[in-house]
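These notes concern the structure reproduced below.
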Amino acid sequence: MTTATDGDTPAATPFEDLDDYIALPRLSGLALSPDGTRLVTAVQTLDAKRTAYVTALWEVDPTGERPARRLTRSAKSEASAAFTPGGDLLFTSARPDPDATDAADDPKPALWLLPADGAEARVIADRAAGVGGVRAATAAPAVLVVSDVLPSAADDETDERLRKERKDKKVAAILHTGYPVRYWDHDLGPGSPHAFVATLTDDVAAPLAGQRDPRLALADVTPDADVALREESPTLSPDGRTVVTAWHRPGARGVLRMQLVAIDVQTRERRVLVDDADGDLAHPVVSPDGRWVAYVRETISTPHRAPSVQLWVVPLEGGEARHVAAAWDRWPTDLVWLPSSDAMLVTADDDGRGPVFHVDLGTDAVTRLTSDDATFANVQVAPDGRTAYALRTSYLAPAHPVRIDLAAALADGPVAAEPLRSPAADVPLPGRLEEVVTTAADGTRVRSWLALPDGAGADAKAPLLLWIHGGPLGSWNAWSWRWNPWLLVAQGYAVLLPDPALSTGYGQDFIQRGWGAWGKAPYTDLMAATDAALQRDDVDPERTAAMGGSFGGYMANWVAGHTDRFRAIVTHASLWALDQFGPTTDASYYWAREMTPEMALENSPHRFVGDIVTPMLVIHGDKDYRVPIGEGLRLWYELLAASGLPADEEGRTPHRFLYFPDENHWILTPQHAKVWYGAVEAFLAEHVLGRTGDDAVAYPEVLG
C-alpha cells in the first residue's frame, strides 16, 4: 500500500511526527445490541495535556449508512460496554456520581446505565473497591460484575471500612499465604475478585422523578473465591440463572490449575463442569439455547512438549466434554455462538493473518469465512445469524469496524469484510507492505511481512531493520500501537516482521520445532528470513539492525551473542539469564513447564556476553513483573563489564540503557512512547545510518 501523492511528492503521514502519531485515535472492543441495530466500540484519544489517554464509547451504524456518533464523554473514561436485553447500554466509569454526597478523592469505577431512549446516563451500582467485567444476560434482566473483596470482610460495610482504614493509615503491606503474589504490572491482594449478580428491576431501569436513583442489589455469588477468579472473566447463562467461569485452584509447589465451574445464582452452589488434569480451561461461552458451554483448553506443556490450544464443549447441566474439530491444526480464539446453537464462529492465527472461521458442531467441519489479509477480533453475530461484525486490523490499517456476510461466505466461500463508518479516520502510510517467503535449513517454510518506505528500489536501497515478535507463542499479524513498523519506515528503514519457529498460525509442528530450544530453530529461522530480505534489490545488505521485545528481546540478546552481522541491536523487556528469570517472573510455575534447568542454561543468552560486539540499546520498565527489572539491570551491567564492547577506562560505552521507573512490560503513556521511539530512532541513526550531531534523529529533549 502506498500513500496518496501530489505529483512526485509523497503525502504527509502521521508517522513523520511522533506528536501526530500518539494523537491517532485507537479503537477497541465491540458490543452489538440485542436487536442488531446498534454497535458500540471504545475509542481512546489523548487528554487535554497530552500525557494520558481517555476512552469514550461511540456508536457505529451496522448498516454502514450513518456516521459514527459519540455516546459518552468524561475525563475518567468509560469501559466494559454491554447491552441489556431491553437495549440499554451498561458501562463502567469513575466519572463523578451526581448523587454522591461527597466527592471521593480516589474515585473507583461504578456501573452506569445509558438508556436506549437517549436519556442521561446514571449510576446503578457501585462498591468501594470499584466494579468491572460487566456481563448482561441475553434473555433475562440479570447483570454480572466483578469486584474485589477483602478476605476478612463479612459484608460491604466492613469491606468499605477496612479499605478506608488501610488508606488513612497508608498501609500497603500484603500478607500472602500462597502463590502467585503479582501479575503483569500489579500486586495481587489483599482483596480478591468476586462475582456479583443483580436483577435489573424496573425501578432501576426507569426511576421516577423526585427521588435518588435506586441502585442494584449486588449479591456475591462467589463468597469463597479467594484466588479462584484472579484475572478471569465470569459469564452469565442467557437466562441469568448460572454463572460459568474458569476457577483457579492452588496446588502443590506454587502451581495453579484451572477448572471450569457453574455457579447457581440463587443458591450459590458451585459444581465442577470440567476438571482436566492435563489441561487449563478458560474463556467459557454459553450457547444461546443454554444447553452448552464452549471453552478453550490449553494442554499442560512439558519441557519436551509444547502446549496445544483446542476448542471443547460440555453440557451446562453436566456431562462428558467433547473436543470439537480435533483434526483442525490451528489454535481457536474469540469463541462466538451462532443463534442456532449448533455452530460457532472462532478466530485463529493463520499464515500471518487471523481469519474468521465457522465450526459446525455436528460435523466438526471448519470453514474459513473471510478472505482478507487481516486479523479479526471482537466478533459479534446478528440475531438472524446471517451477518457478523468485528474489528479488522492488519499492518495496513489499525482496528476498524467491519461487516461480514456469513450467508454468502457459507454458500460461496470466503468473502471480504465490508468496512463500516468508523469513529476514526483512515491512516495514510509512508510505504508499502509485501510478503517474503523463504525456506529454512530443515526445509520448513518461513514467512514474513516486509514494510518498505516509498521510493525504496535498486537505486535507493533501504536499510533493513529486523523486528522479532514476543510471545513467543504469537504471530506478526495485527496492527500494534506499541511496536509500529511505519514509524521506522518513515525514517527510511525497511522493517522485516518474520514468524520463526514457535509462531502460531502454522500448525502444531511449527511450534514444536522451537519448543525448549529457543536458541536453535527460532534463531536460524530469523537468520533465514533476514537472508531472504537482503537478497532483494530494494534492501541494503550493508546497513542492518535487529530489535525485539519480551521473547523478541530474548532473541535480540541471543542474536547479539551469536552474530556480528548487525550494526545495532535494540532489546526491550528482555530475558537475559534464564536461571534468574524463571523463579522471579509472575508465573514461575508456567515457566517450569517450558524448560528444565539444563535446557534453560543451554539457551540462556547471558553465557555469550563476551561474544557481543554490537552496540545495544537496553530498554526496561521497573513495573514489569512478567520479565522483572533484574533481567535488564543484569544485562546492562554485564554489557559494560564483560561484553566484547565493554566500557573503557573512563566508563564510556557504545551501549545505552533506557529505563522507565513507572512503566510495565509495555510502554503505555503517550509521552513515554515518544521517548521510546525517539531513543530507538536516534540509536539506529547513529549506528546504522552513521548520523551524528545535527544529522541524527534527536533524543526527546525531556531526557536532558
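Starting from 1 in every chain, residues are counted up; chains themselves are A, B, ... following the order of the C-alpha cells, and ligands are numbered from 1 as listed.
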- Message: With only C-alpha atoms as the counted atoms, please give the residues lying no more than 9 Å from Val221 of chain A, apart from itself and same-chain residues fewer than 6 positions off, as a list in words.
- Response: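 Counting only C-alpha atoms, the residues come to His194, Ala195, Phe196, Val197, Val243, Ile263, Asp264, Val265, Gln266, Thr267, Arg268 and Glu269 of chain A.
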- Task: Find the residues near segment 515-530 of chain A: any atom within 6 Å, counting only C-alpha atoms, skip ones fewer than 5 places away on the same chain, and give them as a PyMOL selection string.
- Result: chain A and resi 303+306+440+500-501+595+603
Could you turn the residues from that selection into a file that holds N, CA and C atoms, as a PDB file, in the first residue's frame?
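This is the output file selection14.pdb:
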ATOM      1  N   PRO A 303       8.682 -29.587  29.374  1.00  0.00           N
ATOM      2  CA  PRO A 303       9.866 -29.074  28.682  1.00  0.00           C
ATOM      3  C   PRO A 303      10.097 -29.691  27.304  1.00  0.00           C
ATOM      4  N   ALA A 306       5.225 -28.975  23.551  1.00  0.00           N
ATOM      5  CA  ALA A 306       4.578 -27.660  23.523  1.00  0.00           C
ATOM      6  C   ALA A 306       3.101 -27.797  23.845  1.00  0.00           C
ATOM      7  N   ALA A 440      13.780 -22.635   5.486  1.00  0.00           N
ATOM      8  CA  ALA A 440      14.820 -22.839   6.491  1.00  0.00           C
ATOM      9  C   ALA A 440      15.696 -24.028   6.108  1.00  0.00           C
ATOM     10  N   PRO A 500       9.145 -16.871  13.078  1.00  0.00           N
ATOM     11  CA  PRO A 500      10.026 -18.049  13.162  1.00  0.00           C
ATOM     12  C   PRO A 500       9.360 -19.185  13.932  1.00  0.00           C
ATOM     13  N   ALA A 501      10.060 -20.284  14.076  1.00  0.00           N
ATOM     14  CA  ALA A 501       9.590 -21.405  14.891  1.00  0.00           C
ATOM     15  C   ALA A 501       9.087 -20.893  16.232  1.00  0.00           C
ATOM     16  N   MET A 595      11.025 -25.340  30.360  1.00  0.00           N
ATOM     17  CA  MET A 595      12.409 -25.796  30.239  1.00  0.00           C
ATOM     18  C   MET A 595      12.887 -26.421  31.541  1.00  0.00           C
ATOM     19  N   ASN A 603      20.115 -22.484  26.746  1.00  0.00           N
ATOM     20  CA  ASN A 603      19.505 -21.468  25.900  1.00  0.00           C
ATOM     21  C   ASN A 603      19.584 -20.068  26.490  1.00  0.00           C
TER      22      ASN A 603
END
- Task: Select, from A:Leu273, A:Ala136, A:Leu89, A:Leu30, the residue with the minimum atom-to-atom distance to Leu71 of chain A, counting only C-alpha atoms.
- Result: A:Leu89
- Query: Per DSSP on the backbone, what are the strand (DSSP E) residues of segment 155-342 of chain A, as a ChimeraX atom specification?
  - Reply: /A:182-183,186-187,192-199,219-220,235-236,242-250,256-264,270-274,279-286,292-299,309-315,322-324,332-337
Dump as a CSV table (one decimal), in the first residue's frame, selection limited to C-alpha atoms:
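Result file selection26.csv:
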chain,number,residue,atom,x,y,z
A,182,ARG,CA,1.7,-10.4,41.5
A,183,TYR,CA,0.5,-10.3,37.9
A,186,HIS,CA,0.2,-5.0,39.7
A,187,ASP,CA,0.4,-6.6,43.1
A,192,SER,CA,-9.6,-11.0,45.7
A,193,PRO,CA,-12.1,-10.7,42.8
A,194,HIS,CA,-15.6,-12.0,43.4
A,195,ALA,CA,-18.6,-12.3,41.0
A,196,PHE,CA,-21.7,-10.2,41.9
A,197,VAL,CA,-25.0,-10.7,40.2
A,198,ALA,CA,-28.1,-8.5,40.3
A,199,THR,CA,-31.5,-8.2,38.8
A,219,ALA,CA,-25.3,-10.4,45.5
A,220,ASP,CA,-21.9,-12.0,45.9
A,235,THR,CA,-20.0,-15.0,32.2
A,236,LEU,CA,-23.8,-15.5,32.6
A,242,THR,CA,-26.0,-19.6,36.2
A,243,VAL,CA,-22.5,-18.1,36.3
A,244,VAL,CA,-19.9,-20.0,34.3
A,245,THR,CA,-16.2,-19.3,34.8
A,246,ALA,CA,-12.7,-20.7,34.9
A,247,TRP,CA,-11.8,-21.4,38.5
A,248,HIS,CA,-8.2,-21.3,39.8
A,249,ARG,CA,-7.2,-24.0,42.3
A,250,PRO,CA,-3.9,-23.6,44.1
A,256,LEU,CA,-2.3,-23.1,39.8
A,257,ARG,CA,-4.8,-25.3,38.0
A,258,MET,CA,-7.9,-24.1,36.1
A,259,GLN,CA,-11.2,-25.9,36.3
A,260,LEU,CA,-14.5,-25.0,34.6
A,261,VAL,CA,-17.3,-24.4,37.0
A,262,ALA,CA,-21.0,-23.4,37.0
A,263,ILE,CA,-22.5,-21.5,39.9
A,264,ASP,CA,-26.2,-21.3,40.7
A,270,ARG,CA,-20.8,-24.4,42.7
A,271,ARG,CA,-20.4,-27.5,40.6
A,272,VAL,CA,-17.5,-28.6,38.5
A,273,LEU,CA,-18.2,-28.9,34.8
A,274,VAL,CA,-14.7,-30.0,33.8
A,279,GLY,CA,-5.2,-29.0,30.6
A,280,ASP,CA,-6.0,-25.4,31.7
A,281,LEU,CA,-9.6,-24.4,30.8
A,282,ALA,CA,-10.6,-20.8,30.0
A,283,HIS,CA,-12.9,-18.4,28.1
A,284,PRO,CA,-16.3,-20.2,28.6
A,285,VAL,CA,-19.2,-19.1,26.4
A,286,VAL,CA,-22.8,-20.4,27.0
A,292,TRP,CA,-23.8,-25.9,26.0
A,293,VAL,CA,-20.6,-24.3,27.2
A,294,ALA,CA,-17.8,-23.8,24.7
A,295,TYR,CA,-14.4,-23.2,26.1
A,296,VAL,CA,-10.7,-23.2,25.3
A,297,ARG,CA,-8.5,-26.0,26.6
A,298,GLU,CA,-4.7,-25.5,26.7
A,299,THR,CA,-2.8,-28.7,27.3
A,309,VAL,CA,-4.9,-24.9,22.3
A,310,GLN,CA,-8.2,-26.6,21.5
A,311,LEU,CA,-12.0,-26.0,21.2
A,312,TRP,CA,-14.2,-28.0,23.5
A,313,VAL,CA,-17.8,-28.1,24.5
A,314,VAL,CA,-19.6,-29.5,27.6
A,315,PRO,CA,-23.3,-29.6,28.6
A,322,ARG,CA,-16.0,-33.1,23.7
A,323,HIS,CA,-13.1,-31.9,21.7
A,324,VAL,CA,-14.5,-30.1,18.7
A,332,PRO,CA,-9.0,-21.1,18.3
A,333,THR,CA,-9.7,-17.8,20.0
A,334,ASP,CA,-12.7,-15.4,20.3
A,335,LEU,CA,-15.4,-18.0,20.5
A,336,VAL,CA,-18.9,-16.8,19.4
A,337,TRP,CA,-22.1,-19.0,19.2
- Message: Need to verify the contact set: Ile468 of chain A, 7 Å, only C-alpha atoms, exclusion of same-chain residues closer than 2 positions in sequence. Can you return it as a PyMOL selection string?
- Response: chain A and resi 466+470+497-498+547-548+552
- Query: If you count only C-alpha atoms, which residues fall within 7 Å of segment 58-65 of chain A, apart from same-chain ones fewer than 3 positions away, as a PyMOL selection string?
  - Reply: chain A and resi 37-43+68-71+420-422
- Task: With a distance cut-off of 12 Å and only C-alpha atoms, select the neighbouring residues of Asp99 of chain A, excluding the residue or stretch itself and same-chain residues fewer than 5 positions from it, and output the selection as a ChimeraX atom specification.
- Result: /A:122-126,211-215
- May I ask for the distance between atom CA of Ile619 of chain A and atom CA of Val570 of chain A, given in Å to one decimal place? 7.7 Å
- Just the residues within 10 Å of segment 74-77 of chain A, please, counting only C-alpha atoms, with nothing from its chain fewer than 3 positions along; format it as a ChimeraX atom specification. /A:42-44,47-48,53-57,92-96,107-109
Limited to C-alpha atoms, could you put the picked residues into a file as a PDB file, in the first residue's frame?
ATOM      1  CA  ALA A  42     -14.443   2.207  22.676  1.00  0.00           C
ATOM      2  CA  VAL A  43     -12.235   4.968  21.253  1.00  0.00           C
ATOM      3  CA  GLN A  44      -9.060   6.072  23.015  1.00  0.00           C
ATOM      4  CA  ASP A  47      -6.361  14.070  27.020  1.00  0.00           C
ATOM      5  CA  ALA A  48      -6.006  17.849  27.010  1.00  0.00           C
ATOM      6  CA  TYR A  53      -5.306   8.544  27.078  1.00  0.00           C
ATOM      7  CA  VAL A  54      -9.025   8.757  27.801  1.00  0.00           C
ATOM      8  CA  THR A  55     -11.632   6.381  26.442  1.00  0.00           C
ATOM      9  CA  ALA A  56     -15.153   7.180  25.245  1.00  0.00           C
ATOM     10  CA  LEU A  57     -17.909   4.979  23.855  1.00  0.00           C
ATOM     11  CA  THR A  92     -18.183   1.344  33.924  1.00  0.00           C
ATOM     12  CA  SER A  93     -16.612   4.688  34.715  1.00  0.00           C
ATOM     13  CA  ALA A  94     -15.016   6.552  37.619  1.00  0.00           C
ATOM     14  CA  ARG A  95     -16.653   9.792  36.483  1.00  0.00           C
ATOM     15  CA  PRO A  96     -18.316  11.817  39.294  1.00  0.00           C
ATOM     16  CA  PRO A 107     -12.964   7.526  42.728  1.00  0.00           C
ATOM     17  CA  LYS A 108     -13.470   3.913  41.694  1.00  0.00           C
ATOM     18  CA  PRO A 109     -15.333   2.709  38.589  1.00  0.00           C
TER      19      PRO A 109
END
- Point out the residue among A:Pro654, A:Pro207, A:Pro583, A:Gly610 with the least atom-to-atom distance to Glu631 of chain A, counting only C-alpha atoms.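 Closest to Glu631 of chain A of all the choices is A:Pro583.
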- Straight-line distance linking atom CA of Ala374 of chain A with atom CA of Arg386 of chain A, stated in Å to one decimal: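 Going from atom CA of Ala374 of chain A over to atom CA of Arg386 of chain A covers 21.1 Å.
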- Item | Top pick for closest residue to Ala587 of chain A, considering A:Pro398, A:Pro628, A:Asp648, A:Gly86 and counting only C-alpha atoms |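 Smallest distance to Ala587 of chain A is found for A:Pro628.
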- Task: Name all residues at most 10 Å from Ala142 of chain A (count only C-alpha atoms; drop same-chain ones fewer than 4 positions away) and give them as a PyMOL selection string.
- Result: chain A and resi 84-85+135-138+197-201+236-241
Which of segment 427-666 of chain A counts as alpha helix (DSSP H) under DSSP, as a short mmCIF file (atom, residue, chain, number, x, y, z; two decimals) with N, CA and C atoms, in the first residue's frame please?
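In the end it all went to selection-v3.cif:
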data_model
loop_
_atom_site.label_atom_id
_atom_site.label_comp_id
_atom_site.auth_asym_id
_atom_site.auth_seq_id
_atom_site.Cartn_x
_atom_site.Cartn_y
_atom_site.Cartn_z
N PRO A 485 5.77 -0.58 12.90
CA PRO A 485 6.89 -0.51 11.94
C PRO A 485 6.89 0.76 11.09
N TRP A 486 5.70 1.37 10.91
CA TRP A 486 5.63 2.51 9.99
C TRP A 486 6.39 3.72 10.51
N LEU A 487 6.58 3.83 11.82
CA LEU A 487 7.38 4.94 12.34
C LEU A 487 8.84 4.83 11.88
N LEU A 488 9.34 3.61 11.81
CA LEU A 488 10.71 3.43 11.32
C LEU A 488 10.76 3.45 9.79
N VAL A 489 9.68 2.98 9.15
CA VAL A 489 9.61 3.09 7.69
C VAL A 489 9.66 4.56 7.29
N GLN A 508 0.88 -27.15 14.67
CA GLN A 508 1.50 -27.58 15.91
C GLN A 508 2.95 -27.98 15.72
N ASP A 509 3.28 -28.58 14.60
CA ASP A 509 4.67 -28.99 14.37
C ASP A 509 5.60 -27.79 14.28
N PHE A 510 5.10 -26.68 13.74
CA PHE A 510 5.92 -25.48 13.62
C PHE A 510 6.26 -24.93 15.00
N ILE A 511 5.32 -25.02 15.93
CA ILE A 511 5.57 -24.60 17.31
C ILE A 511 6.56 -25.55 17.98
N GLN A 512 6.34 -26.85 17.77
CA GLN A 512 7.17 -27.84 18.43
C GLN A 512 8.64 -27.74 17.99
N ALA A 521 16.05 -23.48 16.30
CA ALA A 521 15.21 -23.17 15.13
C ALA A 521 14.68 -21.74 15.11
N PRO A 522 14.25 -21.16 16.25
CA PRO A 522 13.82 -19.75 16.17
C PRO A 522 14.92 -18.83 15.66
N TYR A 523 16.15 -19.06 16.11
CA TYR A 523 17.27 -18.23 15.67
C TYR A 523 17.60 -18.47 14.20
N THR A 524 17.72 -19.73 13.80
CA THR A 524 18.09 -20.00 12.41
C THR A 524 16.97 -19.58 11.45
N ASP A 525 15.71 -19.66 11.88
CA ASP A 525 14.61 -19.16 11.04
C ASP A 525 14.72 -17.65 10.84
N LEU A 526 15.05 -16.92 11.92
CA LEU A 526 15.20 -15.47 11.81
C LEU A 526 16.33 -15.11 10.86
N MET A 527 17.43 -15.84 10.92
CA MET A 527 18.54 -15.56 10.03
C MET A 527 18.18 -15.90 8.58
N ALA A 528 17.40 -16.97 8.39
CA ALA A 528 16.97 -17.32 7.03
C ALA A 528 16.04 -16.24 6.47
N ALA A 529 15.15 -15.73 7.29
CA ALA A 529 14.25 -14.66 6.85
C ALA A 529 15.04 -13.40 6.52
N THR A 530 16.04 -13.09 7.35
CA THR A 530 16.89 -11.93 7.09
C THR A 530 17.65 -12.09 5.78
N ASP A 531 18.20 -13.27 5.56
CA ASP A 531 18.93 -13.53 4.32
C ASP A 531 18.03 -13.33 3.10
N ALA A 532 16.79 -13.81 3.21
CA ALA A 532 15.86 -13.68 2.08
C ALA A 532 15.56 -12.21 1.79
N ALA A 533 15.37 -11.42 2.83
CA ALA A 533 15.09 -10.00 2.64
C ALA A 533 16.28 -9.28 2.02
N LEU A 534 17.48 -9.66 2.43
CA LEU A 534 18.68 -8.98 1.94
C LEU A 534 19.03 -9.34 0.50
N PHE A 551 9.98 -11.98 24.53
CA PHE A 551 10.70 -13.07 23.87
C PHE A 551 11.51 -12.52 22.69
N GLY A 552 10.96 -11.52 22.01
CA GLY A 552 11.73 -10.89 20.94
C GLY A 552 13.00 -10.24 21.46
N GLY A 553 12.94 -9.70 22.69
CA GLY A 553 14.13 -9.17 23.33
C GLY A 553 15.11 -10.26 23.68
N TYR A 554 14.58 -11.40 24.15
CA TYR A 554 15.44 -12.57 24.36
C TYR A 554 16.19 -12.91 23.08
N MET A 555 15.43 -12.98 21.96
CA MET A 555 16.06 -13.34 20.69
C MET A 555 17.06 -12.28 20.25
N ALA A 556 16.76 -11.00 20.52
CA ALA A 556 17.73 -9.94 20.20
C ALA A 556 19.02 -10.16 20.97
N ASN A 557 18.89 -10.54 22.25
CA ASN A 557 20.10 -10.83 23.06
C ASN A 557 20.85 -12.04 22.51
N TRP A 558 20.10 -13.06 22.11
CA TRP A 558 20.72 -14.26 21.55
C TRP A 558 21.44 -13.93 20.24
N VAL A 559 20.76 -13.15 19.40
CA VAL A 559 21.37 -12.72 18.14
C VAL A 559 22.68 -11.97 18.41
N ALA A 560 22.64 -11.07 19.41
CA ALA A 560 23.83 -10.26 19.72
C ALA A 560 25.02 -11.14 20.10
N GLY A 561 24.76 -12.27 20.76
CA GLY A 561 25.83 -13.13 21.20
C GLY A 561 26.24 -14.18 20.18
N HIS A 562 25.55 -14.21 19.02
CA HIS A 562 25.84 -15.28 18.05
C HIS A 562 26.16 -14.79 16.65
N LEU A 578 18.30 -17.00 32.06
CA LEU A 578 17.08 -17.78 32.23
C LEU A 578 16.98 -18.44 33.59
N ASP A 579 18.12 -18.74 34.24
CA ASP A 579 18.05 -19.31 35.58
C ASP A 579 17.52 -18.27 36.57
N GLN A 580 17.81 -17.01 36.33
CA GLN A 580 17.31 -15.92 37.18
C GLN A 580 15.87 -15.59 36.85
N PHE A 581 15.54 -15.58 35.56
CA PHE A 581 14.20 -15.21 35.12
C PHE A 581 13.14 -16.17 35.66
N GLY A 582 13.37 -17.47 35.56
CA GLY A 582 12.36 -18.46 35.89
C GLY A 582 11.73 -18.29 37.25
N PRO A 583 12.50 -18.20 38.33
CA PRO A 583 11.89 -18.09 39.67
C PRO A 583 11.36 -16.70 40.00
N THR A 584 11.60 -15.68 39.15
CA THR A 584 11.20 -14.32 39.50
C THR A 584 10.06 -13.78 38.65
N SER A 588 5.93 -18.37 37.77
CA SER A 588 7.08 -19.27 37.69
C SER A 588 6.68 -20.71 37.43
N TYR A 589 5.51 -21.11 37.91
CA TYR A 589 5.07 -22.49 37.70
C TYR A 589 4.89 -22.77 36.20
N TYR A 590 4.47 -21.76 35.44
CA TYR A 590 4.33 -21.96 34.00
C TYR A 590 5.70 -22.10 33.34
N TRP A 591 6.64 -21.26 33.76
CA TRP A 591 7.99 -21.33 33.18
C TRP A 591 8.61 -22.71 33.43
N ALA A 592 8.32 -23.29 34.59
CA ALA A 592 8.91 -24.59 34.91
C ALA A 592 8.44 -25.67 33.94
N ARG A 593 7.29 -25.42 33.29
CA ARG A 593 6.81 -26.38 32.29
C ARG A 593 7.55 -26.24 30.96
N GLU A 594 8.23 -25.14 30.76
CA GLU A 594 8.82 -24.85 29.45
C GLU A 594 10.23 -25.42 29.29
N PRO A 597 16.13 -27.06 34.10
CA PRO A 597 17.27 -26.18 34.40
C PRO A 597 18.40 -26.32 33.39
N GLU A 598 18.61 -27.54 32.91
CA GLU A 598 19.68 -27.75 31.93
C GLU A 598 19.34 -27.08 30.60
N MET A 599 18.09 -27.16 30.19
CA MET A 599 17.67 -26.51 28.93
C MET A 599 17.76 -25.00 29.06
N ALA A 600 17.35 -24.47 30.23
CA ALA A 600 17.41 -23.03 30.45
C ALA A 600 18.84 -22.52 30.37
N LEU A 601 19.76 -23.27 30.96
CA LEU A 601 21.16 -22.86 30.90
C LEU A 601 21.69 -22.91 29.47
N GLU A 602 21.36 -23.97 28.75
CA GLU A 602 21.83 -24.11 27.37
C GLU A 602 21.34 -22.97 26.49
N ILE A 629 12.65 -6.46 36.29
CA ILE A 629 13.69 -5.47 36.00
C ILE A 629 15.09 -6.03 36.24
N GLY A 630 15.23 -7.05 37.08
CA GLY A 630 16.54 -7.65 37.30
C GLY A 630 17.18 -8.15 36.02
N GLU A 631 16.36 -8.58 35.07
CA GLU A 631 16.93 -9.02 33.79
C GLU A 631 17.64 -7.87 33.08
N GLY A 632 16.96 -6.70 33.03
CA GLY A 632 17.55 -5.54 32.37
C GLY A 632 18.76 -5.01 33.11
N LEU A 633 18.69 -5.00 34.43
CA LEU A 633 19.81 -4.49 35.22
C LEU A 633 21.05 -5.38 35.06
N ARG A 634 20.84 -6.68 35.10
CA ARG A 634 21.97 -7.59 34.95
C ARG A 634 22.56 -7.50 33.54
N LEU A 635 21.69 -7.44 32.53
CA LEU A 635 22.16 -7.30 31.16
C LEU A 635 22.99 -6.04 31.00
N TRP A 636 22.50 -4.93 31.56
CA TRP A 636 23.21 -3.66 31.41
C TRP A 636 24.61 -3.73 32.04
N TYR A 637 24.67 -4.24 33.26
CA TYR A 637 25.97 -4.32 33.94
C TYR A 637 26.93 -5.24 33.19
N GLU A 638 26.42 -6.39 32.75
CA GLU A 638 27.31 -7.35 32.10
C GLU A 638 27.75 -6.86 30.72
N LEU A 639 26.93 -6.05 30.04
CA LEU A 639 27.40 -5.44 28.80
C LEU A 639 28.60 -4.53 29.07
N LEU A 640 28.50 -3.74 30.16
CA LEU A 640 29.59 -2.81 30.48
C LEU A 640 30.82 -3.53 31.01
N ALA A 641 30.61 -4.65 31.71
CA ALA A 641 31.73 -5.30 32.39
C ALA A 641 32.36 -6.45 31.62
N ALA A 642 31.57 -7.12 30.76
CA ALA A 642 32.09 -8.37 30.21
C ALA A 642 31.83 -8.58 28.73
#
- For Arg50 of chain A, which residue out of A:Ala673, A:Ala546, A:Ala217, A:Val495 is the nearest one, using only C-alpha atoms?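 That would be A:Ala673, the residue with the smallest distance to Arg50 of chain A.
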- Task: Compare A:Gly191, A:Arg253, A:Glu160, A:Ala460 by their minimum atom-to-atom distance to Ala228 of chain A, counting only C-alpha atoms, and give me the closest one.
- Result: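 Between A:Gly191, A:Arg253, A:Glu160, A:Ala460, the residue approaching Ala228 of chain A most closely is A:Gly191.
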- Query: Quick one, how far is atom CA of Tyr493 of chain A from atom CA of His665 of chain A?
  - Reply: 25.3 Å
